[in-house]
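Okay, structure-v6.csv is below, CSV, C-alpha atoms:
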```
chain,number,residue,atom,x,y,z
A,221,PHE,CA,8.9,71.8,14.8
A,222,GLY,CA,6.3,73.0,17.3
A,223,ILE,CA,8.9,73.1,20.1
A,224,ILE,CA,11.2,75.2,17.9
A,225,LEU,CA,8.4,77.7,17.0
A,226,LEU,CA,7.4,78.1,20.7
A,227,GLY,CA,10.9,78.4,21.8
A,228,LEU,CA,12.0,81.0,19.2
A,229,ASN,CA,8.8,83.1,19.9
A,230,PHE,CA,9.4,82.9,23.6
A,231,LEU,CA,13.1,84.0,23.3
A,232,HIS,CA,12.2,86.8,20.9
A,233,ARG,CA,9.5,88.2,23.2
A,234,LEU,CA,11.7,87.8,26.3
A,235,ILE,CA,14.5,89.8,24.6
A,236,ASP,CA,12.0,92.3,23.2
A,237,ALA,CA,10.6,92.9,26.6
A,238,SER,CA,14.0,94.1,27.8
A,239,LYS,CA,13.0,97.4,26.1
A,240,TRP,CA,11.1,98.1,29.4
A,241,ILE,CA,14.5,99.0,30.9
A,242,LYS,CA,15.0,101.9,28.4
A,243,TYR,CA,11.5,102.9,27.5
A,244,PHE,CA,9.0,103.2,30.4
A,245,PRO,CA,5.8,101.2,29.5
A,246,LEU,CA,3.3,103.9,28.8
A,247,ASP,CA,1.1,102.1,26.2
A,248,ILE,CA,-2.5,101.5,27.2
A,249,THR,CA,-2.4,97.6,27.0
A,250,ASN,CA,-0.1,97.0,30.0
A,251,ASP,CA,-0.4,96.3,33.7
A,252,LEU,CA,3.3,96.6,34.4
A,253,SER,CA,3.2,100.3,35.2
A,254,ASP,CA,0.7,99.7,37.9
A,255,TYR,CA,2.7,96.9,39.5
A,256,VAL,CA,5.9,99.1,39.3
A,257,SER,CA,4.0,101.8,41.1
A,258,LEU,CA,3.1,99.4,43.9
A,259,LEU,CA,6.8,98.6,44.3
A,260,HIS,CA,7.6,102.3,44.4
A,261,PHE,CA,4.9,103.1,46.9
A,262,PHE,CA,6.0,100.2,49.1
A,263,ASP,CA,9.5,101.6,49.2
A,264,VAL,CA,8.3,105.1,49.9
A,265,TYR,CA,5.4,104.6,52.3
A,266,GLY,CA,5.6,101.0,53.6
A,267,TYR,CA,3.2,98.1,54.0
A,268,LEU,CA,-0.5,98.9,54.3
A,269,ALA,CA,0.3,102.6,54.4
A,270,ASN,CA,-1.9,105.4,53.0
A,271,VAL,CA,-0.7,106.5,49.6
A,272,PRO,CA,-2.0,110.1,49.2
A,273,ASN,CA,-0.6,111.0,45.8
A,274,TRP,CA,-2.5,108.5,43.6
A,275,TYR,CA,-6.0,109.8,42.6
A,276,ASN,CA,-7.8,110.3,45.9
A,277,GLY,CA,-5.4,108.2,47.9
A,278,PHE,CA,-5.6,104.5,48.8
A,279,ILE,CA,-4.3,101.9,51.3
A,280,LEU,CA,-1.4,100.0,49.8
A,281,PHE,CA,-2.2,96.3,49.4
A,282,ASN,CA,-5.7,96.7,50.9
A,283,THR,CA,-7.2,95.0,47.8
A,284,TYR,CA,-4.2,93.6,45.8
A,285,PRO,CA,-1.8,90.9,47.2
A,286,PRO,CA,1.7,92.0,48.0
A,287,GLY,CA,3.6,88.8,47.1
A,288,TRP,CA,5.3,89.9,43.9
A,289,VAL,CA,6.4,93.2,45.5
A,290,PHE,CA,7.9,91.3,48.4
A,291,PHE,CA,9.7,89.1,45.9
A,292,THR,CA,11.0,92.0,43.8
A,293,TYR,CA,11.8,94.5,46.5
A,294,PRO,CA,15.2,93.1,47.5
A,295,ILE,CA,16.2,93.1,43.8
A,296,TYR,CA,15.1,96.7,43.5
A,297,LYS,CA,17.2,97.7,46.5
A,298,LEU,CA,20.1,95.9,45.0
A,299,LEU,CA,19.8,97.4,41.5
A,300,GLY,CA,18.2,100.8,42.3
A,301,ASN,CA,16.0,100.8,39.2
A,302,LEU,CA,12.3,99.9,39.3
A,303,ILE,CA,11.9,98.7,35.8
A,304,LEU,CA,15.2,96.8,35.7
A,305,ALA,CA,14.3,95.1,38.9
A,306,SER,CA,10.9,94.1,37.5
A,307,TYR,CA,12.5,92.6,34.4
A,308,VAL,CA,15.1,90.7,36.4
A,309,SER,CA,12.4,89.4,38.7
A,310,MET,CA,10.5,88.1,35.6
A,311,VAL,CA,13.6,86.3,34.3
A,312,LEU,CA,14.2,84.8,37.8
A,313,LEU,CA,10.6,83.6,37.9
A,314,TYR,CA,11.0,81.9,34.5
A,315,ILE,CA,14.2,80.2,35.8
A,316,LEU,CA,12.4,79.1,38.9
A,317,GLY,CA,9.6,77.8,36.8
A,318,GLY,CA,12.1,75.8,34.7
A,319,VAL,CA,13.5,74.3,37.8
A,320,GLY,CA,10.0,73.3,38.9
A,321,ILE,CA,9.2,71.7,35.6
A,322,TYR,CA,12.5,69.8,35.8
A,323,LEU,CA,11.5,68.5,39.2
A,324,ILE,CA,8.1,67.4,38.0
A,325,CYS,CA,9.7,65.6,35.0
A,326,LYS,CA,12.1,63.9,37.4
A,327,GLU,CA,9.2,62.8,39.5
A,328,LEU,CA,7.4,61.5,36.5
A,329,ARG,CA,10.6,59.8,35.2
A,330,ILE,CA,10.6,62.0,32.0
A,331,THR,CA,14.3,62.0,31.2
A,332,ASN,CA,14.1,63.0,27.6
A,333,LYS,CA,15.5,66.6,27.4
A,334,ILE,CA,13.3,67.4,24.4
A,335,LYS,CA,10.2,66.4,26.3
A,336,GLN,CA,11.3,68.4,29.3
A,337,ILE,CA,11.8,71.5,27.2
A,338,LEU,CA,8.4,70.9,25.5
A,339,PHE,CA,6.8,70.7,28.9
A,340,PHE,CA,8.3,74.0,30.0
A,341,LEU,CA,7.3,75.7,26.8
A,342,LEU,CA,3.7,74.4,26.9
A,343,VAL,CA,3.3,75.8,30.4
A,344,PHE,CA,5.3,79.1,30.1
A,345,ALA,CA,5.5,79.9,26.4
A,346,SER,CA,1.9,79.6,25.3
A,347,PRO,CA,0.7,82.5,23.2
A,348,MET,CA,-1.9,83.5,25.8
A,349,LEU,CA,0.7,83.6,28.6
A,350,ILE,CA,3.2,85.5,26.4
A,351,GLY,CA,0.5,88.1,25.8
A,352,GLY,CA,-0.3,88.3,29.5
A,353,ILE,CA,3.3,88.3,30.8
A,354,LEU,CA,5.6,89.6,28.1
A,355,LYS,CA,3.1,92.1,26.6
A,356,GLN,CA,1.0,93.2,29.5
A,357,GLY,CA,3.6,92.6,32.2
A,358,ARG,CA,1.3,90.7,34.6
A,359,LEU,CA,4.2,89.5,36.8
A,360,PRO,CA,2.1,88.6,39.9
A,361,SER,CA,0.3,86.1,37.7
A,362,LEU,CA,3.6,84.6,36.6
A,363,LEU,CA,4.7,84.3,40.3
A,364,GLY,CA,1.4,82.6,41.0
A,365,LEU,CA,1.9,80.1,38.1
A,366,VAL,CA,5.4,79.3,39.2
A,367,LEU,CA,4.1,78.5,42.7
A,368,VAL,CA,1.4,76.3,41.2
A,369,VAL,CA,4.2,74.4,39.5
A,370,TYR,CA,5.8,73.7,42.8
A,371,ILE,CA,2.4,72.8,44.4
A,372,VAL,CA,2.0,70.2,41.6
A,373,TYR,CA,5.5,68.9,42.2
A,374,THR,CA,4.9,68.6,45.9
A,375,SER,CA,1.6,66.7,45.2
A,376,LEU,CA,3.4,64.3,42.9
A,377,TYR,CA,6.3,63.9,45.3
A,378,PHE,CA,4.0,62.8,48.2
A,379,LYS,CA,1.7,60.8,46.0
A,380,GLU,CA,3.9,57.7,46.2
A,381,ARG,CA,5.7,58.6,49.4
A,382,LYS,CA,4.7,58.7,53.1
A,383,VAL,CA,3.8,62.2,54.3
A,384,ASP,CA,6.5,63.3,56.7
A,385,TRP,CA,8.0,66.5,58.0
A,386,LYS,CA,8.8,67.7,54.5
A,387,ILE,CA,5.1,68.5,54.0
A,388,ILE,CA,5.9,71.8,55.8
A,389,PHE,CA,7.3,73.0,52.4
A,390,LEU,CA,3.8,72.6,51.0
A,391,GLY,CA,2.4,75.0,53.7
A,392,LEU,CA,5.2,77.5,53.0
A,393,THR,CA,4.5,77.4,49.3
A,394,PHE,CA,0.7,77.7,49.9
A,395,PHE,CA,1.4,80.7,52.1
A,396,ILE,CA,3.4,82.5,49.4
A,397,LEU,CA,0.7,81.6,46.8
A,398,LEU,CA,-2.1,83.0,49.0
A,399,ILE,CA,-0.4,86.4,49.2
A,400,SER,CA,0.6,86.4,45.5
A,401,HIS,CA,-2.4,85.7,43.3
A,402,GLN,CA,-5.8,84.3,44.2
A,403,ALA,CA,-6.8,82.8,40.9
A,404,GLU,CA,-3.7,80.5,41.0
A,405,SER,CA,-4.5,79.6,44.6
A,406,ILE,CA,-7.8,78.2,43.5
A,407,LEU,CA,-6.1,76.3,40.7
A,408,ALA,CA,-3.6,74.8,43.1
A,409,SER,CA,-6.3,73.5,45.4
A,410,ILE,CA,-7.4,71.1,42.6
A,411,PHE,CA,-4.0,69.3,42.8
A,412,LEU,CA,-4.1,69.4,46.6
A,413,LEU,CA,-7.5,67.8,46.5
A,414,GLY,CA,-6.1,65.0,44.4
A,415,LEU,CA,-3.2,64.4,46.9
A,416,PHE,CA,-5.7,64.5,49.8
A,417,LEU,CA,-7.9,61.8,48.2
A,418,VAL,CA,-5.1,59.2,47.8
A,419,LYS,CA,-3.8,59.5,51.3
A,420,ASN,CA,-4.9,57.8,54.5
A,421,ASN,CA,-6.5,59.7,57.4
A,422,VAL,CA,-3.3,60.3,59.4
A,423,GLU,CA,-1.6,61.7,56.3
A,424,ARG,CA,-4.6,63.8,55.5
A,425,VAL,CA,-4.4,65.4,58.9
A,426,LYS,CA,-0.7,66.3,58.3
A,427,ILE,CA,-1.7,67.8,54.9
A,428,ILE,CA,-4.5,69.9,56.5
A,429,LEU,CA,-2.2,71.1,59.3
A,430,SER,CA,0.5,72.1,56.8
A,431,LEU,CA,-2.1,74.1,54.7
A,432,LEU,CA,-3.5,75.6,57.9
A,433,PHE,CA,0.0,76.7,58.9
A,434,GLY,CA,0.4,78.4,55.5
A,435,PHE,CA,-3.0,80.1,55.9
A,436,ILE,CA,-2.1,81.3,59.4
A,437,LEU,CA,1.1,82.8,58.0
A,438,SER,CA,-0.9,84.7,55.4
A,439,LEU,CA,-3.3,86.3,58.0
A,440,PHE,CA,-1.1,89.5,58.2
A,441,TRP,CA,-2.5,90.3,54.7
A,442,VAL,CA,-5.7,88.2,54.6
A,443,ILE,CA,-7.3,89.9,57.6
A,444,PRO,CA,-6.7,93.5,56.6
```
Spit out the file's structure as structure tokens when you get a sec.
Amino acid sequence: FGIILLGLNFLHRLIDASKWIKYFPLDITNDLSDYVSLLHFFDVYGYLANVPNWYNGFILFNTYPPGWVFFTYPIYKLLGNLILASYVSMVLLYILGGVGIYLICKELRITNKIKQILFFLLVFASPMLIGGILKQGRLPSLLGLVLVVYIVYTSLYFKERKVDWKIIFLGLTFFILLISHQAESILASIFLLGLFLVKNNVERVKIILSLLFGFILSLFWVIP
């Protein structure tokens, strides 16, 4: 019964949020218009450019990470509509999150479809997250959460396996997470610490090198 309630509420709010496409979000309890403006300014001015026509001007991405804009920009260029691209990116992130949850369930040998759906809804359809994402439009936070799901999957994958060349995907995921949302980067480090503690010294070095690789990739934004 709880799964049904969470699922119906999630679907209702997801469909209701499609009104973004027709009615620009001008209400005072949303962050979406701000993120859409970053996408627009990136298209007009470019990365780390001076944006003169917003209050007294500011340097784009000087204080806020660019990950979600990088993710959504190709969608925007394809569709040509800022709000539609933002909505499509949100739907794609939920799909990617669902794939990540499925991989975690597969790793934990959870084959029951109902339990897999419940797991997804508990992570992505909680009332707090629905308020943050589908009401306020905090899409960079959603991207961060999806990346945390894949960090968790990677940690579980290597928990019972030898750390090999595939650990490079951990570094790439960590890189995207670092330039997407910092709060989720801190959350992900807890799971990475758990993986680090159960491995031998050689494998720990490989994990550290992979994370260092991801950090180096992020320096184009971290340094400025």
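Residues lying within 12 Å of A:Leu312, counting all atoms listed in the file and ignoring same-chain neighbours fewer than 4 positions away, are A:Trp288, A:Phe291, A:Thr292, A:Ile295, A:Ala305, A:Ser306, A:Tyr307, A:Val308, A:Leu316, A:Gly317, A:Gly318, A:Val319, A:Leu359, A:Leu362, A:Leu363, A:Val366.
Residue nearest A:Gly364 within the list A:Leu268, A:Leu437, A:Met310, A:Leu234: A:Met310 [criterion: smallest interatomic distance, all atoms listed in the file].
Across A:Ala269, A:Ile224, A:Ile436, A:Val372, the tightest approach to A:Asn282 is made by A:Ala269 when counting all atoms listed in the file.
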Atom CA of A:Phe221 to atom CA of A:Leu365, distance in Å rounded to a single decimal: 25.7 Å
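The space between atom CA of A:Phe440 and atom CA of A:Thr393 spans 16.0 Å.
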